[in-house]
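Structure file target.txt with compact mmCIF, C-alpha atoms:
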```txt
# COMPACT_ATOMS: atom_id res chain seq x y z
CA MET A 1 0.00 0.00 0.00
CA ASP A 2 1.22 3.49 -0.80
CA TYR A 3 -0.19 7.02 -1.07
CA LYS A 4 -1.00 6.64 -4.77
CA ASN A 5 -3.09 3.53 -4.07
CA SER A 6 -5.07 5.56 -1.53
CA GLY A 7 -6.01 8.00 -4.28
CA VAL A 8 -3.39 10.76 -4.00
CA ASP A 9 -0.91 10.95 -6.87
CA ILE A 10 2.13 12.96 -5.74
CA GLU A 11 3.74 12.69 -9.18
CA ALA A 12 0.64 14.29 -10.72
CA GLY A 13 1.08 17.14 -8.25
CA TYR A 14 4.65 17.69 -9.38
CA ARG A 15 3.52 17.64 -13.02
CA SER A 16 0.79 20.22 -12.26
CA VAL A 17 3.37 22.59 -10.77
CA GLU A 18 5.62 22.26 -13.81
CA LEU A 19 2.76 22.95 -16.20
CA MET A 20 1.57 26.04 -14.33
CA LYS A 21 4.99 27.67 -13.89
CA GLU A 22 4.86 29.60 -17.15
CA HIS A 23 1.45 31.02 -16.27
CA VAL A 24 2.68 32.12 -12.86
CA LYS A 25 5.89 33.69 -14.17
CA ALA A 26 3.90 36.05 -16.38
CA THR A 27 2.33 37.67 -13.29
CA ILE A 28 5.51 38.34 -11.28
CA ARG A 29 5.95 41.91 -10.04
CA PRO A 30 9.39 43.35 -9.12
CA GLU A 31 8.51 43.25 -5.42
CA VAL A 32 8.35 39.44 -5.36
CA LEU A 33 11.24 37.82 -3.48
CA GLY A 34 12.16 34.20 -4.22
CA GLY A 35 10.62 31.80 -6.69
CA LEU A 36 7.77 29.35 -7.08
CA GLY A 37 7.80 26.24 -4.93
CA GLY A 38 8.63 27.53 -1.45
CA PHE A 39 6.46 27.12 1.61
CA SER A 40 5.36 30.75 1.41
CA GLY A 41 5.52 33.79 -0.85
CA ALA A 42 7.55 36.89 0.03
CA PHE A 43 6.66 40.37 -1.18
CA SER A 44 8.76 43.47 -0.44
CA MET A 45 6.97 46.52 0.92
CA GLY A 46 9.93 48.74 0.05
CA GLY A 47 8.10 50.30 -2.86
CA PHE A 48 5.46 51.83 -0.58
CA LYS A 49 7.76 53.74 1.79
CA SER A 50 6.61 56.99 0.22
CA MET A 51 3.08 56.46 1.55
CA GLU A 52 2.29 58.31 4.76
CA ASN A 53 0.60 55.27 6.26
CA PRO A 54 0.58 52.24 3.93
CA THR A 55 -2.45 50.13 4.79
CA LEU A 56 -3.01 46.54 3.75
CA VAL A 57 -6.45 45.53 2.48
CA SER A 58 -7.39 41.88 2.00
CA GLY A 59 -10.24 39.89 0.50
CA THR A 60 -11.15 36.28 -0.08
CA ASP A 61 -13.83 34.59 -2.17
CA GLY A 62 -14.58 31.71 -4.53
CA VAL A 63 -16.42 31.06 -7.77
CA GLY A 64 -19.47 29.44 -6.18
CA THR A 65 -21.75 27.05 -8.03
CA LYS A 66 -20.92 28.65 -11.38
CA ILE A 67 -18.14 26.09 -11.37
CA LYS A 68 -20.73 23.36 -12.05
CA LEU A 69 -21.13 24.75 -15.57
CA ALA A 70 -17.40 24.41 -16.15
CA PHE A 71 -17.66 20.71 -15.23
CA VAL A 72 -20.54 20.08 -17.61
CA MET A 73 -18.98 22.01 -20.50
CA ASP A 74 -15.46 20.73 -19.71
CA LYS A 75 -14.25 24.32 -20.02
CA HIS A 76 -11.87 25.38 -17.27
CA ASP A 77 -9.95 28.38 -18.62
CA THR A 78 -12.20 31.18 -17.33
CA VAL A 79 -13.19 30.25 -13.76
CA GLY A 80 -9.77 31.38 -12.53
CA ILE A 81 -10.49 34.88 -13.82
CA ASP A 82 -13.76 34.80 -11.87
CA CYS A 83 -11.93 33.83 -8.70
CA VAL A 84 -9.44 36.70 -8.98
CA ALA A 85 -12.17 39.18 -9.93
CA MET A 86 -14.32 38.38 -6.93
CA CYS A 87 -11.41 39.15 -4.61
CA VAL A 88 -9.67 42.11 -6.27
CA ASN A 89 -12.90 43.96 -7.06
CA ASP A 90 -13.74 43.86 -3.37
CA ILE A 91 -10.43 45.34 -2.24
CA ALA A 92 -10.50 47.88 -5.07
CA CYS A 93 -13.69 49.26 -3.49
CA ALA A 94 -11.49 50.46 -0.62
CA GLY A 95 -9.14 52.21 -3.06
CA ALA A 96 -6.47 49.53 -2.74
CA GLU A 97 -4.04 48.47 -5.45
CA PRO A 98 -3.95 44.64 -5.59
CA LEU A 99 -0.45 43.35 -4.89
CA PHE A 100 -0.61 39.59 -4.80
CA PHE A 101 -3.03 36.68 -4.98
CA LEU A 102 -3.07 33.08 -3.76
CA ASP A 103 -5.38 30.34 -5.02
CA TYR A 104 -6.67 27.12 -3.49
CA ILE A 105 -7.91 24.24 -5.62
CA ALA A 106 -9.50 21.18 -4.03
CA CYS A 107 -10.07 18.33 -6.47
CA GLY A 108 -11.21 14.73 -6.48
CA LYS A 109 -8.34 13.74 -8.75
CA ASN A 110 -5.34 15.78 -9.82
CA ILE A 111 -5.32 15.87 -13.60
CA PRO A 112 -2.26 18.06 -14.29
CA GLU A 113 -3.46 19.51 -17.59
CA LYS A 114 -6.81 20.53 -16.09
CA ILE A 115 -5.19 22.07 -13.02
CA ALA A 116 -2.77 24.00 -15.23
CA THR A 117 -5.68 25.31 -17.31
CA ILE A 118 -7.48 26.50 -14.18
CA VAL A 119 -4.32 28.21 -12.91
CA GLY A 120 -3.83 29.74 -16.35
CA GLY A 121 -7.16 31.51 -15.84
CA VAL A 122 -6.08 32.65 -12.38
CA ALA A 123 -2.88 34.05 -13.89
CA GLN A 124 -4.87 35.86 -16.58
CA GLY A 125 -7.03 37.45 -13.89
CA CYS A 126 -3.91 38.51 -12.00
CA LEU A 127 -2.51 40.12 -15.14
CA GLN A 128 -5.74 42.06 -15.61
CA ALA A 129 -5.55 43.23 -11.99
CA GLY A 130 -1.81 43.95 -11.99
CA ALA A 131 -1.28 41.47 -9.16
CA THR A 132 1.26 38.68 -8.72
CA LEU A 133 0.13 35.09 -8.37
CA ILE A 134 2.50 34.57 -5.49
CA GLY A 135 1.46 31.09 -4.38
CA GLY A 136 -1.31 28.57 -4.03
CA GLU A 137 -2.30 25.04 -3.13
CA THR A 138 -3.76 22.10 -5.00
CA ALA A 139 -5.27 19.53 -2.66
CA GLU A 140 -6.37 16.10 -3.86
CA HIS A 141 -9.40 14.79 -1.95
CA PRO A 142 -10.15 11.23 -3.08
CA GLY A 143 -13.33 9.82 -1.61
CA LEU A 144 -14.46 13.28 -0.54
CA MET A 145 -15.04 14.77 -4.01
CA PRO A 146 -15.89 13.09 -7.34
CA GLU A 147 -12.80 12.60 -9.50
CA ASP A 148 -13.98 15.01 -12.21
CA GLU A 149 -14.91 17.87 -9.85
CA TYR A 150 -12.99 20.62 -8.04
CA ASP A 151 -13.54 23.79 -6.07
CA LEU A 152 -11.63 27.03 -6.44
CA ALA A 153 -11.12 29.87 -3.98
CA GLY A 154 -8.62 32.67 -3.59
CA PHE A 155 -7.17 35.39 -1.40
CA ALA A 156 -5.93 38.85 -2.41
CA VAL A 157 -3.87 41.48 -0.62
CA GLY A 158 -3.63 45.11 -1.69
CA VAL A 159 -2.25 48.38 -0.35
CA VAL A 160 -3.55 51.94 -0.06
CA ASP A 161 -2.37 55.01 1.82
CA GLU A 162 -4.74 55.35 4.77
CA LYS A 163 -5.67 58.91 3.74
CA ASP A 164 -6.86 57.55 0.38
CA LEU A 165 -9.14 54.85 1.76
CA ILE A 166 -12.61 54.92 0.17
CA THR A 167 -15.03 54.65 3.07
CA GLY A 168 -18.29 56.27 1.91
CA ALA A 169 -18.26 58.59 4.92
CA GLU A 170 -18.12 61.70 2.70
CA ILE A 171 -21.12 60.80 0.52
CA ARG A 172 -23.64 63.64 0.58
CA GLU A 173 -27.01 64.60 -0.85
CA GLY A 174 -26.62 65.51 -4.52
CA ASP A 175 -23.74 63.16 -5.21
CA VAL A 176 -23.98 61.19 -8.44
CA LEU A 177 -23.94 57.42 -8.83
CA ILE A 178 -21.86 56.05 -11.71
CA GLY A 179 -22.43 52.48 -12.88
CA ILE A 180 -19.65 50.47 -14.53
CA LYS A 181 -21.07 47.86 -16.86
CA SER A 182 -20.69 44.16 -16.16
CA SER A 183 -19.71 41.37 -18.55
CA GLY A 184 -22.81 39.35 -17.67
CA VAL A 185 -23.96 37.35 -14.67
CA HIS A 186 -20.45 37.34 -13.16
CA SER A 187 -20.20 34.81 -10.29
CA ASN A 188 -23.33 35.19 -8.19
CA GLY A 189 -26.77 33.65 -8.12
CA PHE A 190 -25.86 30.50 -10.03
CA SER A 191 -27.96 28.27 -7.80
CA LEU A 192 -30.97 30.07 -9.27
CA VAL A 193 -29.41 30.12 -12.76
CA ARG A 194 -29.08 26.34 -12.62
CA GLN A 195 -32.70 25.99 -11.52
CA ILE A 196 -33.89 28.13 -14.43
CA PHE A 197 -31.81 26.69 -17.27
CA GLY A 198 -30.61 23.30 -15.99
CA THR A 199 -27.05 22.05 -16.25
CA THR A 200 -27.05 19.43 -18.96
CA LYS A 201 -24.85 19.58 -22.05
CA GLU A 202 -27.99 19.98 -24.12
CA SER A 203 -29.37 22.91 -22.11
CA LEU A 204 -26.05 24.74 -21.93
CA GLY A 205 -25.33 24.06 -25.60
CA ARG A 206 -28.56 25.73 -26.71
CA TYR A 207 -27.97 28.61 -29.12
CA VAL A 208 -29.98 31.69 -28.14
CA ASN A 209 -30.52 34.36 -30.78
CA GLU A 210 -30.75 37.20 -28.26
CA LEU A 211 -27.37 36.23 -26.85
CA GLY A 212 -25.65 35.62 -30.17
CA THR A 213 -24.05 32.46 -28.79
CA THR A 214 -24.85 29.43 -26.67
CA LEU A 215 -26.34 29.74 -23.22
CA GLY A 216 -23.32 28.05 -21.64
CA GLU A 217 -20.79 30.36 -23.29
CA THR A 218 -22.74 33.39 -22.10
CA LEU A 219 -23.03 32.12 -18.54
CA LEU A 220 -19.32 31.22 -18.35
CA THR A 221 -18.25 34.71 -19.45
CA PRO A 222 -15.75 35.67 -16.75
CA THR A 223 -16.38 38.36 -14.17
CA ARG A 224 -15.17 41.81 -15.19
CA ILE A 225 -12.15 43.11 -13.26
CA TYR A 226 -12.48 46.81 -12.41
CA VAL A 227 -9.04 47.59 -11.00
CA LYS A 228 -7.84 49.51 -14.07
CA ALA A 229 -11.08 51.46 -14.34
CA LEU A 230 -10.87 52.65 -10.74
CA LYS A 231 -7.19 53.52 -11.15
CA SER A 232 -8.07 55.55 -14.24
CA VAL A 233 -10.64 57.50 -12.24
CA LYS A 234 -8.11 58.19 -9.48
CA ASP A 235 -5.44 59.23 -11.99
CA SER A 236 -7.92 61.67 -13.57
CA GLY A 237 -7.99 63.60 -10.30
CA VAL A 238 -11.49 62.55 -9.23
CA THR A 239 -12.02 61.72 -5.57
CA LEU A 240 -14.12 58.59 -5.25
CA LYS A 241 -16.44 59.00 -2.30
CA GLY A 242 -17.81 55.47 -2.38
CA ALA A 243 -17.53 52.25 -4.33
CA SER A 244 -19.70 49.16 -4.26
CA HIS A 245 -19.01 45.82 -5.97
CA ILE A 246 -22.38 44.44 -7.11
CA THR A 247 -22.13 40.78 -6.14
CA GLY A 248 -24.53 38.47 -4.29
CA GLY A 249 -27.48 40.50 -3.07
CA GLY A 250 -27.54 42.65 -6.17
CA PHE A 251 -28.41 46.34 -5.97
CA TYR A 252 -30.46 46.15 -2.79
CA GLU A 253 -27.78 44.65 -0.58
CA ASN A 254 -24.56 46.02 -2.04
CA ILE A 255 -25.19 49.70 -2.86
CA PRO A 256 -26.17 50.53 0.77
CA ARG A 257 -22.87 49.04 1.98
CA MET A 258 -21.04 52.19 0.83
CA LEU A 259 -23.61 54.68 2.18
CA PRO A 260 -23.63 56.64 5.44
CA GLU A 261 -26.71 56.28 7.63
CA ASP A 262 -28.54 59.35 6.30
CA ALA A 263 -28.08 58.67 2.58
CA LEU A 264 -30.56 57.08 0.17
CA ALA A 265 -29.37 55.97 -3.26
CA ARG A 266 -31.79 56.49 -6.15
CA VAL A 267 -31.15 54.29 -9.20
CA ASN A 268 -32.77 55.02 -12.55
CA LYS A 269 -33.42 51.63 -14.14
CA ASP A 270 -33.85 53.26 -17.56
CA SER A 271 -30.37 54.81 -17.52
CA TYR A 272 -28.94 51.79 -19.35
CA ASP A 273 -29.99 48.70 -21.27
CA VAL A 274 -30.19 45.53 -19.17
CA PRO A 275 -28.21 42.76 -20.95
CA PRO A 276 -30.40 40.10 -22.61
CA ILE A 277 -29.18 37.25 -20.37
CA PHE A 278 -31.04 38.83 -17.44
CA THR A 279 -34.28 39.39 -19.33
CA LEU A 280 -34.05 35.79 -20.55
CA MET A 281 -33.60 34.52 -17.00
CA ALA A 282 -36.54 36.56 -15.72
CA LYS A 283 -38.75 35.32 -18.54
CA GLU A 284 -37.86 31.62 -18.54
CA GLY A 285 -37.67 31.40 -14.74
CA ASN A 286 -40.70 33.61 -14.10
CA VAL A 287 -38.52 35.61 -11.69
CA GLU A 288 -39.95 38.85 -10.31
CA GLU A 289 -38.08 42.08 -11.02
CA GLN A 290 -37.41 42.75 -7.34
CA VAL A 291 -35.81 39.31 -6.98
CA MET A 292 -33.65 39.90 -10.07
CA TYR A 293 -32.29 43.20 -8.70
CA ASN A 294 -31.85 41.59 -5.28
CA THR A 295 -29.82 38.69 -6.70
CA TYR A 296 -27.91 39.84 -9.79
CA ASN A 297 -25.87 42.78 -11.02
CA MET A 298 -28.36 43.35 -13.89
CA GLY A 299 -25.56 44.66 -16.12
CA ILE A 300 -23.84 46.94 -13.58
CA GLY A 301 -20.86 45.35 -11.83
CA MET A 302 -19.63 48.36 -9.85
CA VAL A 303 -21.31 51.50 -8.55
CA LEU A 304 -19.31 54.63 -7.66
CA ALA A 305 -20.35 57.77 -5.80
CA VAL A 306 -18.77 61.08 -6.87
CA ALA A 307 -19.43 64.79 -6.55
CA PRO A 308 -21.83 66.04 -9.26
CA GLU A 309 -19.14 68.17 -10.90
CA ASP A 310 -17.00 65.02 -11.35
CA ALA A 311 -19.66 62.83 -12.97
CA ASP A 312 -18.77 63.35 -16.63
CA LYS A 313 -15.05 63.20 -15.89
CA THR A 314 -15.54 59.88 -14.09
CA VAL A 315 -17.45 58.34 -16.99
CA ALA A 316 -14.74 59.49 -19.40
CA ALA A 317 -11.97 57.99 -17.23
CA ILE A 318 -13.76 54.65 -17.00
CA GLU A 319 -14.31 54.53 -20.74
CA ALA A 320 -10.64 55.42 -21.32
CA ALA A 321 -9.76 52.28 -19.33
CA GLY A 322 -11.87 50.17 -21.67
CA ASP A 323 -15.01 49.78 -19.59
CA GLY A 324 -18.53 51.03 -20.20
CA ALA A 325 -20.08 53.50 -17.78
CA VAL A 326 -23.39 55.28 -17.22
CA ILE A 327 -24.76 57.93 -14.89
CA LEU A 328 -26.94 55.63 -12.86
CA GLY A 329 -28.65 57.87 -10.34
CA ASP A 330 -28.02 60.12 -7.35
CA VAL A 331 -28.01 60.38 -3.58
CA VAL A 332 -30.68 62.10 -1.50
CA LYS A 333 -31.30 62.47 2.20
CA GLY A 334 -33.15 59.57 3.75
CA ASP A 335 -32.73 56.32 5.58
CA LYS A 336 -29.75 54.32 4.39
CA GLY A 337 -30.86 52.18 1.47
CA VAL A 338 -31.59 52.13 -2.23
CA VAL A 339 -34.69 52.76 -4.30
CA LEU A 340 -35.11 51.86 -7.97
CA LEU A 341 -37.01 54.37 -10.09
```

Rewrite the coordinates I just gave you, this time as structure tokens.
Amino acid sequence: MDYKNSGVDIEAGYRSVELMKEHVKATIRPEVLGGLGGFSGAFSMGGFKSMENPTLVSGTDGVGTKIKLAFVMDKHDTVGIDCVAMCVNDIACAGAEPLFFLDYIACGKNIPEKIATIVGGVAQGCLQAGATLIGGETAEHPGLMPEDEYDLAGFAVGVVDEKDLITGAEIREGDVLIGIKSSGVHSNGFSLVRQIFGTTKESLGRYVNELGTTLGETLLTPTRIYVKALKSVKDSGVTLKGASHITGGGFYENIPRMLPEDALARVNKDSYDVPPIFTLMAKEGNVEEQVMYNTYNMGIGMVLAVAPEDADKTVAAIEAAGDGAVILGDVVKGDKGVVLL
């Protein structure tokens, strides 16, 4: 009896590391000390000595049940981007620059080529965010997970000067809400998505005219990473008063998270076109509008609060970074919350 006979293939683990090395190398920032394969990752803080009070900001998340679609479609190159996005978008809401990222993959059986493909997606997400993939772990769990399944989670660390932290405390009546467009459903609400559409090869392979592609391809579109857009806004000289990543809980839960107690956010639903995947979900699942806006991003992945005189400048900066933006609404006095008009 040996470890391999128990279901854990150490040689496959070594092969996975070799295959992923090129992906990881592409993400390395100058601050990284040492190479891949150590027990930990080291990152120099020397480059941030000029900050008055450098402050670390961290976030952790996973891909959720969206990953089930990757299993069914046998497509594993985008879920890593989702994992990075869910973490770095959160820390970007505080004004932090992502520095490094670590991933954790638990699998029923280590298939090196599949693991390397997943990590390739993680590396792509890190490149989009300007972060280093500084380390990670692949854990083989025979008997605990089916051989063809895995789970993926991650952890990001960023830095911001304390004086530049985005807290929402300065949001006032009259401030303008800017919405940054999403790439689709992102990585939330997939338990309901799976109930509506099913998760068979046939259902996910269905071509939908409104989408211009198959249902599965649309649903696996990776989560948009907003780090560059927020940096572009900062570099334009605009002071971001608040930022909210529209994840699980949709508009109703996430927009209030950036508001002070006496601020009410008003969102104009007609300020942009809701992407067809959401109207399709509502129609085929008979999902009420309130539930849709309380579960999904509805085409807006990030909401920013700025002074009214900075609204147009903010939209221009976001568009210069390659993202779409709209003036979504405004802030009025009232109990902390959000109302859709």

Using all atoms listed in the file, what does the table of segment 105-202 of chain A residues within 12 Å of segment 231-238 of chain A look like, with each row giving the shortest atom pair and its distance in Å to one decimal, sorted by chain and ascending number, as a tab-separated table?
```
residue	atom	partner	partner_atom	distance
A:Ala129	CA	A:Lys231	CA	10.5
A:Gly130	CA	A:Lys231	CA	11.0
A:Val160	CA	A:Lys231	CA	11.8
A:Asp164	CA	A:Lys234	CA	10.0
A:Leu165	CA	A:Lys234	CA	11.8
A:Ile166	CA	A:Lys234	CA	11.1
A:Ile178	CA	A:Val233	CA	11.3
A:Ile180	CA	A:Val233	CA	11.7
```

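Using all atoms listed in the file for every distance, the candidate list A:Leu230, A:Val119, A:Ile171, A:Leu127 yields A:Leu230 as the residue closest to Gly322 of chain A.
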
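The space separating atom CA of Gly189 of chain A from atom CA of Tyr150 of chain A comes to 19.0 Å.
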
| said: At a cut-off of 8 Å, using all atoms listed in the file, what residues contact Ser191 of chain A? Leave out same-chain residues fewer than 4 positions from it and give the result as a PyMOL selection string. | reply: chain A and resi 65-66+195

| request: Could you tell me which of A:Lys49, A:Lys109, A:Lys181, A:Lys68 comes closest to Asp273 of chain A if we count all atoms listed in the file? | output: A:Lys181

| task | Compare A:Gly334, A:Gly248, A:Pro256, A:Gly184 by their minimum atom-to-atom distance to Leu220 of chain A, counting only C-alpha atoms, and give me the closest one. | result | A:Gly184

| Nearest to Thr138 of chain A: which of A:Met86, A:Ile118, A:Leu304, A:Ile327 is it, counting all atoms listed in the file? | A:Ile118

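Between atom CA of Asp161 of chain A and atom CA of Phe100 of chain A there is a distance of 16.9 Å.
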
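The interatomic distance for the pair atom CA of Glu113 of chain A and atom CA of Gly135 of chain A works out to 18.2 Å.
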
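Minimum atom-to-atom distance to Arg172 of chain A, evaluated using only C-alpha atoms, belongs to A:Leu259 out of A:Asn294, A:Cys93, A:Leu259, A:Leu33.
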
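Nearest residue to Glu97 of chain A, choosing from A:Lys228, A:His76, A:Lys25, A:Arg194 and counting only C-alpha atoms: A:Lys228.
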
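By chain and then residue number, the residues within 10 Å of Arg257 of chain A are Thr167, Gly168, Gly242, Ala243, Ser244, His245, Tyr252, Glu253, Glu261, Lys336 and Gly337 of chain A, counting all atoms listed in the file and disregarding those fewer than 4 positions away in sequence.
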
| task | For Ser40 of chain A, please output as a ChimeraX atom specification all residues within 12 Å (counting all atoms listed in the file; exclusion window: fewer than 6 positions along the same chain). | result | /A:32-34,102,133-137

Residues just named, written with C-alpha atoms as a PDB file, keeping the file's coordinate frame:
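And here is the file that came out, result_29.pdb:
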```pdb
ATOM      1  CA  VAL A  32       8.350  39.440  -5.360  1.00  0.00           C
ATOM      2  CA  LEU A  33      11.240  37.820  -3.480  1.00  0.00           C
ATOM      3  CA  GLY A  34      12.160  34.200  -4.220  1.00  0.00           C
ATOM      4  CA  LEU A 102      -3.070  33.080  -3.760  1.00  0.00           C
ATOM      5  CA  LEU A 133       0.130  35.090  -8.370  1.00  0.00           C
ATOM      6  CA  ILE A 134       2.500  34.570  -5.490  1.00  0.00           C
ATOM      7  CA  GLY A 135       1.460  31.090  -4.380  1.00  0.00           C
ATOM      8  CA  GLY A 136      -1.310  28.570  -4.030  1.00  0.00           C
ATOM      9  CA  GLU A 137      -2.300  25.040  -3.130  1.00  0.00           C
TER      10      GLU A 137
END
```

| Residue contacts of Val159 of chain A (9 Å, only C-alpha atoms) excluding same-chain residues fewer than 5 positions away, as a PyMOL selection string | chain A and resi 48+54-58+91+95-99

| request: Fewer than 6 positions away in the same chain doesn't count, so skip those; otherwise give me all residues within 12 Å of Val72 of chain A, counting all atoms listed in the file, as an MDAnalysis selection string. | output: chainID A and resid 65:66 148:149 194 198:205 216:217 220
